[in-house]
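Coordinates from structure-v5.csv are shown below (CSV, C-alpha atoms).
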chain,number,residue,atom,x,y,z
A,1,MET,CA,0.0,0.0,0.0
A,2,HIS,CA,1.3,3.5,-0.9
A,3,GLU,CA,2.0,5.7,2.2
A,4,ARG,CA,1.3,9.1,0.4
A,5,ILE,CA,-1.6,9.5,-2.0
A,6,GLY,CA,-2.9,12.3,-4.1
A,7,LEU,CA,-6.7,12.5,-4.7
A,8,THR,CA,-9.3,14.6,-6.5
A,9,GLY,CA,-13.1,14.6,-6.2
A,10,ALA,CA,-13.2,14.4,-2.4
A,11,SER,CA,-16.8,15.7,-2.4
A,12,SER,CA,-18.1,12.9,-4.8
A,13,PHE,CA,-20.1,10.1,-3.3
A,14,LEU,CA,-17.7,7.3,-4.0
A,15,THR,CA,-14.5,9.2,-3.2
A,16,SER,CA,-15.9,10.4,0.2
A,17,LEU,CA,-16.6,6.8,1.1
A,18,VAL,CA,-13.0,5.9,0.0
A,19,LEU,CA,-11.7,8.6,2.2
A,20,LYS,CA,-13.5,7.2,5.2
A,21,ARG,CA,-11.7,3.9,4.6
A,22,LEU,CA,-8.3,5.5,4.0
A,23,ALA,CA,-8.6,7.3,7.3
A,24,GLY,CA,-8.7,4.0,9.1
A,25,LEU,CA,-5.8,2.3,7.3
A,26,SER,CA,-2.6,2.4,9.3
A,27,SER,CA,-0.5,2.0,6.2
A,28,ILE,CA,-1.7,5.4,4.8
A,29,LYS,CA,0.3,8.3,6.2
A,30,GLU,CA,-0.9,11.2,4.1
A,31,VAL,CA,-3.7,11.9,1.6
A,32,HIS,CA,-3.3,15.1,-0.3
A,33,ILE,CA,-6.7,16.3,-1.5
A,34,PHE,CA,-7.1,18.7,-4.4
A,35,ASP,CA,-10.5,20.3,-4.6
A,36,ILE,CA,-12.3,23.6,-4.5
A,37,LYS,CA,-13.7,22.9,-1.0
A,38,PRO,CA,-12.5,20.8,1.9
A,39,PRO,CA,-13.8,17.3,2.4
A,40,THR,CA,-16.5,16.6,4.9
A,41,ILE,CA,-14.5,13.7,6.2
A,42,VAL,CA,-11.9,14.8,8.8
A,43,SER,CA,-8.6,13.1,9.6
A,44,THR,CA,-5.2,14.1,10.6
A,45,LYS,CA,-3.9,12.2,7.6
A,46,PHE,CA,-5.8,14.5,5.2
A,47,ILE,CA,-4.1,17.6,3.8
A,48,PHE,CA,-6.3,19.8,1.8
A,49,HIS,CA,-5.1,21.9,-1.2
A,50,ARG,CA,-7.5,24.4,-2.7
A,51,VAL,CA,-7.2,23.8,-6.5
A,52,ASP,CA,-9.7,24.5,-9.2
A,53,LEU,CA,-9.1,21.8,-11.9
A,54,THR,CA,-10.6,23.9,-14.6
A,55,LYS,CA,-7.9,26.7,-14.2
A,56,ASP,CA,-4.7,26.8,-16.2
A,57,GLU,CA,-2.5,26.8,-13.0
A,58,ALA,CA,-4.0,23.6,-11.8
A,59,SER,CA,-1.3,21.3,-13.3
A,60,SER,CA,1.6,23.2,-11.9
A,61,ASN,CA,0.0,23.6,-8.5
A,62,ILE,CA,-0.8,19.9,-8.2
A,63,ALA,CA,2.6,18.8,-9.5
A,64,ALA,CA,4.4,21.0,-7.0
A,65,VAL,CA,2.6,19.4,-4.1
A,66,LEU,CA,3.1,15.9,-5.4
A,67,ILE,CA,6.9,16.4,-5.8
A,68,GLU,CA,7.4,18.2,-2.5
A,69,ASN,CA,5.6,15.5,-0.5
A,70,LYS,CA,6.9,12.5,-2.4
A,71,VAL,CA,3.5,11.2,-3.3
A,72,THR,CA,3.6,7.9,-5.1
A,73,ALA,CA,0.0,7.2,-6.1
A,74,PHE,CA,-3.0,9.2,-7.3
A,75,ILE,CA,-6.7,8.6,-7.3
A,76,HIS,CA,-8.6,10.7,-9.9
A,77,GLY,CA,-12.2,10.8,-8.6
A,78,SER,CA,-13.4,14.1,-9.8
A,79,LEU,CA,-15.7,12.6,-12.4
A,80,PHE,CA,-19.5,12.8,-12.2
A,81,SER,CA,-21.8,9.8,-11.7
A,82,GLY,CA,-24.2,11.0,-14.4
A,83,PRO,CA,-25.5,14.1,-16.1
A,84,THR,CA,-25.7,17.4,-14.3
A,85,ARG,CA,-27.5,20.7,-14.8
A,86,ARG,CA,-24.3,22.7,-15.4
A,87,LYS,CA,-23.3,21.1,-18.7
A,88,SER,CA,-20.5,23.4,-19.5
A,89,TYR,CA,-19.0,23.2,-16.1
A,90,HIS,CA,-19.5,19.4,-16.2
A,91,HIS,CA,-17.4,19.2,-19.4
A,92,GLU,CA,-14.7,21.5,-18.0
A,93,VAL,CA,-14.3,19.6,-14.7
A,94,GLU,CA,-14.1,16.2,-16.5
A,95,SER,CA,-12.2,17.0,-19.7
A,96,ILE,CA,-10.1,20.0,-18.8
A,97,GLY,CA,-9.7,18.8,-15.2
A,98,THR,CA,-8.4,15.4,-16.4
A,99,PHE,CA,-6.0,17.1,-18.8
A,100,HIS,CA,-4.5,19.1,-15.9
A,101,VAL,CA,-4.4,16.0,-13.6
A,102,LEU,CA,-2.5,14.0,-16.2
A,103,ASN,CA,-0.1,16.8,-16.9
A,104,ALA,CA,0.6,17.0,-13.1
A,105,ILE,CA,1.1,13.3,-12.8
A,106,ALA,CA,3.5,13.2,-15.8
A,107,GLU,CA,5.5,16.2,-14.4
A,108,SER,CA,5.8,14.6,-10.9
A,109,ASN,CA,6.6,11.1,-12.2
A,110,ILE,CA,3.8,9.4,-10.3
A,111,LYS,CA,4.0,5.6,-10.8
A,112,ARG,CA,0.4,4.7,-9.9
A,113,LEU,CA,-2.9,6.2,-11.1
A,114,ILE,CA,-6.4,4.9,-10.5
A,115,VAL,CA,-9.4,6.5,-12.2
A,116,HIS,CA,-13.0,6.4,-11.2
A,117,SER,CA,-15.0,5.9,-14.4
A,118,ALA,CA,-18.4,4.3,-15.1
A,119,THR,CA,-20.0,1.7,-17.3
A,120,PHE,CA,-22.2,4.4,-18.8
A,121,VAL,CA,-19.2,5.3,-20.9
A,122,TYR,CA,-20.3,2.4,-23.2
A,123,GLY,CA,-23.6,4.3,-23.9
A,124,ALA,CA,-27.0,2.8,-24.1
A,125,HIS,CA,-27.6,1.6,-27.7
A,126,PRO,CA,-29.9,-1.0,-29.3
A,127,LYS,CA,-26.9,-3.0,-30.6
A,128,ASN,CA,-25.1,-3.3,-27.3
A,129,PRO,CA,-24.2,-6.9,-26.4
A,130,ASN,CA,-25.9,-8.5,-23.3
A,131,PHE,CA,-22.6,-8.1,-21.4
A,132,ILE,CA,-20.1,-5.5,-22.4
A,133,HIS,CA,-16.4,-6.4,-22.2
A,134,GLU,CA,-13.8,-3.7,-21.4
A,135,ASP,CA,-12.4,-3.8,-24.9
A,136,TYR,CA,-15.7,-2.8,-26.4
A,137,SER,CA,-15.1,0.3,-28.6
A,138,LEU,CA,-16.2,3.6,-27.1
A,139,VAL,CA,-18.2,5.8,-29.5
A,140,MET,CA,-18.3,9.6,-29.3
A,141,GLN,CA,-22.1,9.7,-29.6
A,142,GLY,CA,-25.2,9.9,-27.4
A,143,PRO,CA,-25.8,12.3,-24.5
A,144,GLN,CA,-23.2,15.0,-23.7
A,145,PHE,CA,-22.2,13.4,-20.4
A,146,VAL,CA,-21.4,10.2,-22.2
A,147,ARG,CA,-19.4,11.9,-24.9
A,148,THR,CA,-17.5,13.9,-22.2
A,149,ARG,CA,-16.6,10.7,-20.4
A,150,VAL,CA,-15.4,9.1,-23.7
A,151,ASP,CA,-13.1,12.1,-24.2
A,152,VAL,CA,-11.7,11.6,-20.7
A,153,GLU,CA,-11.0,8.0,-21.3
A,154,ASN,CA,-9.4,8.8,-24.6
A,155,GLN,CA,-7.1,11.2,-22.9
A,156,ILE,CA,-6.1,8.6,-20.3
A,157,GLN,CA,-5.4,6.1,-23.1
A,158,ASP,CA,-3.1,8.6,-24.8
A,159,PHE,CA,-1.4,9.1,-21.4
A,160,ILE,CA,-0.9,5.3,-21.0
A,161,ASN,CA,0.7,5.1,-24.4
A,162,ASN,CA,3.1,8.0,-23.7
A,163,TYR,CA,4.0,7.3,-20.1
A,164,LYS,CA,4.4,3.5,-19.8
A,165,GLU,CA,6.2,3.8,-16.5
A,166,CYS,CA,3.0,4.8,-14.8
A,167,SER,CA,0.7,1.9,-13.9
A,168,VAL,CA,-2.8,3.1,-14.8
A,169,THR,CA,-6.1,1.4,-13.7
A,170,ILE,CA,-9.5,2.6,-14.9
A,171,LEU,CA,-12.4,1.3,-12.8
A,172,ARG,CA,-15.7,1.5,-14.6
A,173,PHE,CA,-18.3,1.3,-11.9
A,174,ALA,CA,-21.9,0.2,-12.5
A,175,PRO,CA,-24.4,2.7,-11.0
A,176,ILE,CA,-23.5,2.8,-7.3
A,177,LEU,CA,-26.5,2.1,-5.0
A,178,GLY,CA,-26.7,1.5,-1.2
A,179,PRO,CA,-28.1,2.9,2.0
A,180,ASN,CA,-26.4,6.3,1.4
A,181,SER,CA,-26.8,6.7,-2.4
A,182,THR,CA,-28.2,10.0,-3.8
A,183,ASN,CA,-27.1,9.8,-7.4
A,184,ILE,CA,-29.3,10.0,-10.5
A,185,ARG,CA,-30.1,6.3,-10.6
A,186,ALA,CA,-31.2,6.5,-7.0
A,187,ARG,CA,-33.3,9.5,-7.7
A,188,TYR,CA,-35.1,7.6,-10.5
A,189,PHE,CA,-36.4,5.0,-8.0
A,190,PHE,CA,-37.3,7.7,-5.5
A,191,ALA,CA,-39.6,9.7,-7.8
A,192,GLY,CA,-43.3,9.6,-7.0
A,193,ILE,CA,-44.3,8.6,-10.5
A,194,ILE,CA,-41.7,6.8,-12.6
A,195,PRO,CA,-41.8,7.4,-16.3
A,196,LYS,CA,-40.6,4.5,-18.5
A,197,VAL,CA,-40.4,3.9,-22.2
A,198,LEU,CA,-43.3,2.0,-23.5
A,199,GLY,CA,-42.4,-1.5,-24.9
A,200,TYR,CA,-38.9,-1.5,-23.3
A,201,ASP,CA,-37.8,-3.3,-20.1
A,202,PRO,CA,-34.0,-3.5,-20.2
A,203,LEU,CA,-31.9,-5.5,-17.8
A,204,VAL,CA,-30.2,-3.1,-15.3
A,205,GLN,CA,-27.1,-3.6,-13.2
A,206,PHE,CA,-25.8,-1.9,-10.0
A,207,ILE,CA,-22.9,-2.2,-7.6
A,208,HIS,CA,-23.3,-1.9,-3.9
A,209,GLU,CA,-21.5,1.1,-2.3
A,210,ASP,CA,-19.6,-1.2,0.0
A,211,ASP,CA,-18.4,-3.3,-2.9
A,212,ALA,CA,-17.4,-0.2,-4.8
A,213,VAL,CA,-15.2,1.0,-2.0
A,214,ARG,CA,-13.7,-2.4,-1.5
A,215,ALA,CA,-12.7,-2.6,-5.2
A,216,GLN,CA,-11.0,0.8,-5.0
A,217,ILE,CA,-9.0,0.0,-1.8
A,218,SER,CA,-7.9,-3.4,-3.2
A,219,THR,CA,-6.9,-1.8,-6.4
A,220,LEU,CA,-4.8,0.7,-4.5
A,221,SER,CA,-2.9,-2.1,-2.8
A,222,ASN,CA,-1.9,-3.9,-6.0
A,223,ASN,CA,-0.2,-2.7,-9.1
A,224,ILE,CA,-2.4,-4.3,-11.8
A,225,PRO,CA,-3.0,-1.9,-14.7
A,226,GLY,CA,-5.9,-2.1,-17.1
A,227,ILE,CA,-9.6,-1.3,-17.5
A,228,PHE,CA,-12.0,-3.2,-15.3
A,229,ASN,CA,-15.8,-3.3,-15.0
A,230,ILE,CA,-16.7,-3.1,-11.3
A,231,VAL,CA,-20.3,-4.5,-11.2
A,232,GLY,CA,-22.6,-6.3,-8.8
A,233,ARG,CA,-23.6,-9.9,-9.1
A,234,GLY,CA,-26.5,-10.5,-11.5
A,235,VAL,CA,-28.9,-8.2,-13.2
A,236,LEU,CA,-32.6,-7.5,-13.0
A,237,PRO,CA,-35.3,-6.1,-15.3
A,238,LEU,CA,-36.0,-2.4,-14.8
A,239,SER,CA,-39.7,-3.3,-14.2
A,240,THR,CA,-38.6,-5.4,-11.2
A,241,GLY,CA,-36.6,-2.5,-9.8
A,242,VAL,CA,-39.6,-0.2,-10.1
A,243,HIS,CA,-41.8,-2.8,-8.5
A,244,MET,CA,-39.4,-3.1,-5.6
A,245,SER,CA,-39.4,0.7,-5.1
A,246,GLY,CA,-43.2,0.6,-4.6
A,247,LYS,CA,-43.6,3.5,-7.1
A,248,ILE,CA,-46.0,3.8,-10.0
A,249,PRO,CA,-44.6,3.2,-13.5
A,250,VAL,CA,-46.1,5.4,-16.2
A,251,PRO,CA,-45.3,4.2,-19.7
A,252,PHE,CA,-44.7,6.7,-22.6
A,253,ILE,CA,-43.6,6.3,-26.1
A,254,SER,CA,-39.9,7.2,-26.5
A,255,ALA,CA,-40.4,10.8,-27.8
A,256,MET,CA,-43.0,11.6,-25.2
A,257,CYS,CA,-40.9,10.1,-22.4
A,258,ARG,CA,-38.0,12.4,-23.3
A,259,SER,CA,-40.4,15.4,-23.3
A,260,PHE,CA,-41.8,14.3,-19.9
A,261,PHE,CA,-38.3,14.0,-18.4
A,262,SER,CA,-37.3,17.4,-19.9
A,263,ALA,CA,-40.4,19.2,-18.6
A,264,GLY,CA,-40.0,17.8,-15.1
A,265,TYR,CA,-36.3,18.6,-15.1
A,266,ALA,CA,-36.8,22.2,-16.4
A,267,SER,CA,-39.5,22.9,-13.8
A,268,ARG,CA,-37.3,21.2,-11.1
A,269,ILE,CA,-40.0,18.8,-10.2
A,270,TRP,CA,-37.2,16.2,-10.3
A,271,GLU,CA,-33.5,15.9,-11.1
A,272,LEU,CA,-33.9,13.5,-14.0
A,273,PRO,CA,-32.9,15.0,-17.4
A,274,SER,CA,-33.9,13.5,-20.7
A,275,ASP,CA,-30.3,12.5,-21.3
A,276,ILE,CA,-30.8,9.5,-19.0
A,277,VAL,CA,-33.8,8.1,-21.0
A,278,PRO,CA,-31.7,5.8,-23.3
A,279,PHE,CA,-30.4,4.0,-20.2
A,280,PHE,CA,-34.0,3.0,-19.3
A,281,GLN,CA,-34.6,1.9,-22.9
A,282,TYR,CA,-31.6,-0.1,-24.0
A,283,ILE,CA,-29.3,-2.4,-22.2
A,284,CYS,CA,-25.9,-1.2,-20.8
A,285,VAL,CA,-24.5,-4.0,-18.6
A,286,GLY,CA,-20.8,-4.6,-18.0
A,287,ASP,CA,-19.1,-8.0,-17.8
A,288,GLY,CA,-17.3,-8.4,-14.5
A,289,LYS,CA,-15.3,-11.5,-15.4
A,290,LYS,CA,-12.0,-9.6,-16.1
A,291,ALA,CA,-12.1,-7.9,-12.6
A,292,ALA,CA,-12.7,-11.3,-11.0
A,293,ASP,CA,-9.9,-13.0,-13.0
A,294,LYS,CA,-7.2,-10.3,-12.7
A,295,LEU,CA,-8.0,-8.2,-9.7
A,296,GLY,CA,-9.6,-11.0,-7.7
A,297,PHE,CA,-12.6,-8.8,-7.1
A,298,ILE,CA,-15.8,-10.8,-6.4
A,299,PRO,CA,-18.8,-8.6,-5.3
A,300,LYS,CA,-20.4,-9.6,-2.1
A,301,TYR,CA,-23.8,-8.2,-3.1
A,302,SER,CA,-26.1,-8.6,-6.1
A,303,SER,CA,-27.6,-5.8,-8.1
A,304,ARG,CA,-30.9,-6.6,-6.5
A,305,GLN,CA,-29.4,-6.4,-3.0
A,306,ALA,CA,-27.8,-3.0,-3.8
A,307,LEU,CA,-31.1,-1.6,-4.9
A,308,LYS,CA,-33.1,-3.1,-2.0
A,309,SER,CA,-30.6,-1.8,0.6
A,310,MET,CA,-31.1,1.7,-0.8
A,311,ILE,CA,-34.9,1.5,-1.0
A,312,GLU,CA,-35.3,0.2,2.6
A,313,ALA,CA,-32.8,2.7,4.0
A,314,ASN,CA,-34.8,5.5,2.4
A,315,ARG,CA,-38.0,4.2,3.9
A,316,LEU,CA,-36.5,4.0,7.4
A,317,ARG,CA,-35.2,7.5,7.1
A,318,LYS,CA,-38.7,8.8,6.3
A,319,ILE,CA,-39.9,7.4,9.6
A,320,GLY,CA,-37.0,8.8,11.6
A,321,PHE,CA,-34.5,5.9,11.6
A,322,SER,CA,-31.0,5.7,10.3
A,323,MET,CA,-29.8,2.3,9.2
A,324,PRO,CA,-26.4,2.0,7.6
A,325,SER,CA,-26.7,-1.8,7.2
A,326,SER,CA,-25.5,-3.1,3.9
A,327,THR,CA,-28.2,-5.7,3.3
A,328,LEU,CA,-31.4,-4.3,4.7
A,329,GLY,CA,-34.3,-6.6,4.2
A,330,GLU,CA,-32.3,-9.4,2.8
A,331,ASP,CA,-32.8,-12.9,4.2
A,332,GLU,CA,-30.3,-15.7,3.8
A,333,ALA,CA,-31.9,-17.0,0.6
A,334,TYR,CA,-31.6,-13.6,-1.1
A,335,ALA,CA,-28.1,-13.0,0.3
A,336,SER,CA,-26.9,-15.9,-2.0
A,337,SER,CA,-29.1,-14.8,-4.9
A,338,GLN,CA,-27.2,-14.8,-8.2
A,339,GLY,CA,-29.5,-12.3,-9.9
A,340,PHE,CA,-33.0,-11.8,-11.3
A,341,GLN,CA,-33.6,-15.5,-11.9
A,342,GLN,CA,-34.4,-16.0,-8.2
A,343,ILE,CA,-36.7,-13.0,-7.9
A,344,PHE,CA,-40.3,-13.9,-7.4

Spell out the structure here as structure tokens.
Amino acid sequence: MHERIGLTGASSFLTSLVLKRLAGLSSIKEVHIFDIKPPTIVSTKFIFHRVDLTKDEASSNIAAVLIENKVTAFIHGSLFSGPTRRKSYHHEVESIGTFHVLNAIAESNIKRLIVHSATFVYGAHPKNPNFIHEDYSLVMQGPQFVRTRVDVENQIQDFINNYKECSVTILRFAPILGPNSTNIRARYFFAGIIPKVLGYDPLVQFIHEDDAVRAQISTLSNNIPGIFNIVGRGVLPLSTGVHMSGKIPVPFISAMCRSFFSAGYASRIWELPSDIVPFFQYICVGDGKKAADKLGFIPKYSSRQALKSMIEANRLRKIGFSMPSSTLGEDEAYASSQGFQQIF
């Protein structure tokens, strides 16, 4: 395990959970955090550096800190979990921010880089295979947040080709759900009325927040480069997920569904933009075999368990309870479930 680590995106959901785990590891001496605001997690190990990744001086500022403090590994987590309202800022943080981070890493001769990406980089298309492997070609098409992430990964691939002495690992996470999740996939299942595309019921896939953190920490302790899908066990139909949430599905034809999402988003009735509609229409499921074979990562929880833990934690909060349990509502039979085939 590296003693001194650099990190971006401390305010993101996954990275904040990773920080909690790093704070408790005796092998970690210092974590240098680069962000525009301090992390909510407090530890004597954490050293905050106010850096705006979209500014020209970001590269030199980060590199100076990394060199001075003899940092040996870097976690790039300042990438969004889905679309955001501020599209221009979203693009700047991801594309320009990644450009500055990679320049800083090259200048400071960092030997280990881990990047938090997502399986949505594959896009949701009618011709997607049932399980998408890591070598599946990324296409610069679809919603802007997908195109931006493709640009980020292309930059990283160029960096890998030019700086072979740096061991780079890209972790493509399935949508992260769990008792504490608030991302765009979580908000879909929390909506009072859930719009869905008429005639489509794609298989969906999630990763439990505990598994996501475990994958990140284990990756930090090894030196295995490559791209890996980090996904939960099994898949389930979108309709099953909606049924589990107890919400009301309202089917629309595709064009009307996009308009419905756009109207609700524009009027701030919900935080679900039309950009997300293809992911509730076409399949976008990652194959986790490579992560199991090379990283030794085996998820503890299924996609169904991840979703159910989030739903039940939300219900408990509504009546005044706080339950951080990882498998709320799961009995022994479901704890060993391999996916949607065992769902009643």

Given all atoms listed in the file as the counted atoms, nearest of A:Lys164, A:Lys247, A:Lys55, A:His91 to Ile194 in chain A |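 Among the listed residues, A:Lys247 lies closest to Ile194 in chain A.
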
Using all atoms listed in the file, I'd like a table of the residues in range 145-210 of chain A that come within 10 Å of range 12-36 of chain A; for each, show the closest atom pair and its distance in Å rounded to one decimal, ordered by chain and ascending number, as a Markdown table.
| residue | atom | partner | partner_atom | distance |
| --- | --- | --- | --- | --- |
| A:Phe173 | CA | A:Leu14 | CA | 9.9 |
| A:Ile176 | CA | A:Leu14 | CA | 8.0 |
| A:Asn180 | CA | A:Phe13 | CA | 8.7 |
| A:Ser181 | CA | A:Phe13 | CA | 7.6 |
| A:Thr182 | CA | A:Phe13 | CA | 8.1 |
| A:Asn183 | CA | A:Phe13 | CA | 8.1 |
| A:Glu209 | CA | A:Leu14 | CA | 7.5 |
| A:Asp210 | CA | A:Leu17 | CA | 8.6 |

So which one's closest to Gly286 in chain A, A:Arg315, A:His133, A:Arg258, A:Arg304? Using all atoms listed in the file, please.
->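 Of the candidates, the smallest distance to Gly286 in chain A is held by A:His133.
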
What does the distance from CA of Asn130 in chain A to CA of Gln205 in chain A come to in Å, to one decimal?
-> 11.3 Å

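Going from CA of Glu94 in chain A over to CA of Ala58 in chain A, you cover 13.4 Å.
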
Rows by chain and residue number, range 138-221 of chain A within 7 Å of range 102-117 of chain A, shortest pair, only C-alpha atoms, as a Markdown table:
| residue | atom | partner | partner_atom | distance |
| --- | --- | --- | --- | --- |
| A:Glu165 | CA | A:Lys111 | CA | 6.4 |
| A:Cys166 | CA | A:Lys111 | CA | 4.2 |
| A:Ser167 | CA | A:Arg112 | CA | 4.9 |
| A:Val168 | CA | A:Leu113 | CA | 4.8 |
| A:Thr169 | CA | A:Ile114 | CA | 4.8 |
| A:Ile170 | CA | A:Val115 | CA | 4.7 |
| A:Leu171 | CA | A:His116 | CA | 5.4 |
| A:Arg172 | CA | A:Ser117 | CA | 4.5 |
| A:Phe173 | CA | A:Ser117 | CA | 6.2 |

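Within 8 Å of Val121 in chain A, once only C-alpha atoms are used and residues closer than 2 positions along the same chain are dropped, the contacting residues are Ser117, Ala118, Thr119, Gly123, Leu138, Val146, Arg147, Arg149 and Val150 of chain A.
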
What lies within 12 Å of Pro129 in chain A using only C-alpha atoms, ignoring chain neighbours under 2 positions off, as a ChimeraX atom specification?
-> /A:122-127,131-134,136-137,203,282-287

Distance criterion (all atoms listed in the file): nearest to Ile276 in chain A out of A:Lys308, A:Arg185, A:His208, A:Lys289 = A:Arg185

Return the single residue from A:Gly178, A:Gly82, A:Gly77, A:Pro278 that is closest to Leu307 in chain A, with distances computed using only C-alpha atoms.
->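 The closest residue to Leu307 in chain A is A:Gly178.
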
Considering only C-alpha atoms, give me a table of residues in range 251-310 of chain A that are at most 7 Å from range 231-239 of chain A, with the closest atom pair and distance in Å for each, as a Markdown table.
| residue | atom | partner | partner_atom | distance |
| --- | --- | --- | --- | --- |
| A:Gly286 | CA | A:Val231 | CA | 6.8 |
| A:Gly288 | CA | A:Val231 | CA | 5.9 |
| A:Pro299 | CA | A:Gly232 | CA | 5.7 |
| A:Tyr301 | CA | A:Gly232 | CA | 6.1 |
| A:Ser302 | CA | A:Arg233 | CA | 4.1 |
| A:Ser303 | CA | A:Gly232 | CA | 5.1 |
| A:Arg304 | CA | A:Leu236 | CA | 6.8 |

Grab the CA of Ile217 in chain A to CA of Phe48 in chain A distance for me, in Å with one decimal place.
->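 Atom-to-atom, CA of Ile217 in chain A and CA of Phe48 in chain A are spaced 20.3 Å apart.
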
Name all residues at most 8 Å from Ala215 in chain A (count all atoms listed in the file; drop same-chain ones fewer than 3 positions away) and give them as a PyMOL selection string.
-> chain A and resi 211-212+218-219+230+297

Which of these, A:Phe145, A:Tyr188, A:Phe46, A:Phe99, has the shortest distance to Ile311 in chain A once you count only C-alpha atoms?
-> A:Tyr188

Which protein, DNA or RNA residues are at most 10 Å from (-8.7, 24.1, -7.5) in the file's coordinates when you count all atoms listed in the file, listed as a VMD selection string?
-> chain A and resid 8 34 to 37 49 to 59 61 to 62 97

In terms of the shortest atom-to-atom distance over all atoms listed in the file, which of A:Phe260, A:Tyr265, A:Phe280, A:Phe228 is closest to Val197 in chain A?
->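 Distance minimum relative to Val197 in chain A lands on A:Phe280.
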